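Read the structure below first, then the notes.
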Amino acid sequence: MTDSKLNQAILDTLKDLLKWTKITAYGDVKKILESTLDSEIKRTIYYLSDGENNQDDIVDKGNVGAGTVSKYWKEWEKIGIGESIPVKRGTRFKRIFALEDFGIEIPKIELKKKENEKR
């Protein structure tokens, strides 16, 4: 077997494993997300934690405190629903799962911005 055929066989096997892992873990992940993200504030912070938004962005967009964001990021990394990624000035939390993939309502962040502007 040539190297390229061996690599393709390994890749195909990994794709199969990923498919079955996703299928078997879906229900458990959904339960974890629903129980962990049990408030609008938590869902907002998690949703905005896309790896692009830094803590200040999330504080501004989500109308939450920096301490709250930091606290949840630490908790969520411990339970495995997100990870720290390297950025220019250190690390930033990035969610692993998309809420919409699990039928979890996405927070209405635009409305919060408009409500804040009226104040």
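Following the order of the structure tokens, first chain is A, next is B, and so on, with residues numbered from 1 inside each chain and ligands from 1 in the order they appear.
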Report task. Just list the residues in chain A DSSP gives helix (DSSP H, G or I) on the backbone, as an MDAnalysis selection string. Result -> chainID A and resid 3:36 40:48 55:62 66:79 99:102 109:118
Report task. Write out as a ChimeraX atom specification the residues lying within 12 Å of A:Asp56, counting only C-alpha atoms and excluding same-chain residues fewer than 3 positions away. Result -> /A:45,48-49,52-53,59-70,92
Would you export the selected residues with C-alpha atoms as an mmCIF file, in the first residue's frame, please?
```cif
data_model
loop_
_atom_site.group_PDB
_atom_site.id
_atom_site.type_symbol
_atom_site.label_atom_id
_atom_site.label_comp_id
_atom_site.auth_asym_id
_atom_site.auth_seq_id
_atom_site.Cartn_x
_atom_site.Cartn_y
_atom_site.Cartn_z
ATOM 1 C CA ILE A 45 -22.130 34.991 26.291
ATOM 2 C CA LEU A 48 -20.808 35.537 21.241
ATOM 3 C CA SER A 49 -17.791 33.433 22.251
ATOM 4 C CA GLU A 52 -13.498 36.467 17.157
ATOM 5 C CA ASN A 53 -15.129 38.478 19.954
ATOM 6 C CA VAL A 59 -19.332 42.847 27.599
ATOM 7 C CA ASP A 60 -20.498 45.552 25.172
ATOM 8 C CA LYS A 61 -22.677 43.414 22.896
ATOM 9 C CA GLY A 62 -24.161 41.259 25.619
ATOM 10 C CA ASN A 63 -24.617 43.967 28.241
ATOM 11 C CA VAL A 64 -22.855 41.838 30.883
ATOM 12 C CA GLY A 65 -19.956 42.344 33.277
ATOM 13 C CA ALA A 66 -16.392 41.282 32.525
ATOM 14 C CA GLY A 67 -16.281 39.178 35.700
ATOM 15 C CA THR A 68 -19.362 37.279 34.578
ATOM 16 C CA VAL A 69 -17.844 36.527 31.174
ATOM 17 C CA SER A 70 -14.579 35.359 32.732
ATOM 18 C CA ARG A 92 -9.485 33.710 24.339
#
```
Query raised in the report: Which polymer residues have any atom within 9 Å of an atom of A:Trp76, counting only C-alpha atoms, with same-chain residues fewer than 6 positions away left out, as a ChimeraX atom specification?
Result: /A:36,46,82-83,95
Report task. Based on DSSP run over this structure's backbone, return all residues of chain A in strand (DSSP E), as a ChimeraX atom specification. Result -> /A:82-87,90-95
Would you put the residues from that selection into a file with N, CA and C atoms, as a PDB file, in the first residue's frame?
```
ATOM      1  N   GLY A  82     -16.133  24.371  25.417  1.00  0.00           N
ATOM      2  CA  GLY A  82     -15.344  25.419  24.785  1.00  0.00           C
ATOM      3  C   GLY A  82     -13.881  25.196  25.081  1.00  0.00           C
ATOM      4  N   GLU A  83     -13.055  26.024  24.444  1.00  0.00           N
ATOM      5  CA  GLU A  83     -11.618  25.869  24.613  1.00  0.00           C
ATOM      6  C   GLU A  83     -10.926  27.218  24.533  1.00  0.00           C
ATOM      7  N   SER A  84      -9.737  27.293  25.078  1.00  0.00           N
ATOM      8  CA  SER A  84      -8.920  28.490  24.956  1.00  0.00           C
ATOM      9  C   SER A  84      -8.151  28.416  23.656  1.00  0.00           C
ATOM     10  N   ILE A  85      -8.165  29.522  22.936  1.00  0.00           N
ATOM     11  CA  ILE A  85      -7.406  29.579  21.690  1.00  0.00           C
ATOM     12  C   ILE A  85      -6.385  30.710  21.802  1.00  0.00           C
ATOM     13  N   PRO A  86      -5.241  30.562  21.150  1.00  0.00           N
ATOM     14  CA  PRO A  86      -4.225  31.618  21.224  1.00  0.00           C
ATOM     15  C   PRO A  86      -4.621  32.833  20.383  1.00  0.00           C
ATOM     16  N   VAL A  87      -4.395  34.010  20.938  1.00  0.00           N
ATOM     17  CA  VAL A  87      -4.579  35.277  20.223  1.00  0.00           C
ATOM     18  C   VAL A  87      -3.349  36.142  20.503  1.00  0.00           C
ATOM     19  N   GLY A  90      -2.504  36.743  24.299  1.00  0.00           N
ATOM     20  CA  GLY A  90      -2.758  35.661  25.246  1.00  0.00           C
ATOM     21  C   GLY A  90      -3.688  34.609  24.680  1.00  0.00           C
ATOM     22  N   THR A  91      -4.801  34.369  25.395  1.00  0.00           N
ATOM     23  CA  THR A  91      -5.776  33.372  24.950  1.00  0.00           C
ATOM     24  C   THR A  91      -7.179  33.961  25.031  1.00  0.00           C
ATOM     25  N   ARG A  92      -8.085  33.310  24.350  1.00  0.00           N
ATOM     26  CA  ARG A  92      -9.485  33.710  24.339  1.00  0.00           C
ATOM     27  C   ARG A  92     -10.323  32.433  24.297  1.00  0.00           C
ATOM     28  N   PHE A  93     -11.472  32.470  24.927  1.00  0.00           N
ATOM     29  CA  PHE A  93     -12.377  31.323  24.931  1.00  0.00           C
ATOM     30  C   PHE A  93     -13.135  31.257  23.606  1.00  0.00           C
ATOM     31  N   LYS A  94     -13.307  30.050  23.116  1.00  0.00           N
ATOM     32  CA  LYS A  94     -14.097  29.827  21.900  1.00  0.00           C
ATOM     33  C   LYS A  94     -15.041  28.665  22.144  1.00  0.00           C
ATOM     34  N   ARG A  95     -16.311  28.894  21.859  1.00  0.00           N
ATOM     35  CA  ARG A  95     -17.287  27.818  22.009  1.00  0.00           C
ATOM     36  C   ARG A  95     -17.002  26.722  20.988  1.00  0.00           C
TER      37      ARG A  95
END
```
Requested in this report: Go ahead and compute the interatomic distance for atom CA of A:Lys74 and atom CA of A:Glu105, in Å to one decimal.
Outcome: 22.7 Å
Query raised in the report: Distance atom CA of A:Thr24-atom CA of A:Ile41, one decimal place?
Result: 28.9 Å
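The spacing separating atom CA of A:Glu34 from atom CA of A:Gly80 amounts to 14.1 Å.
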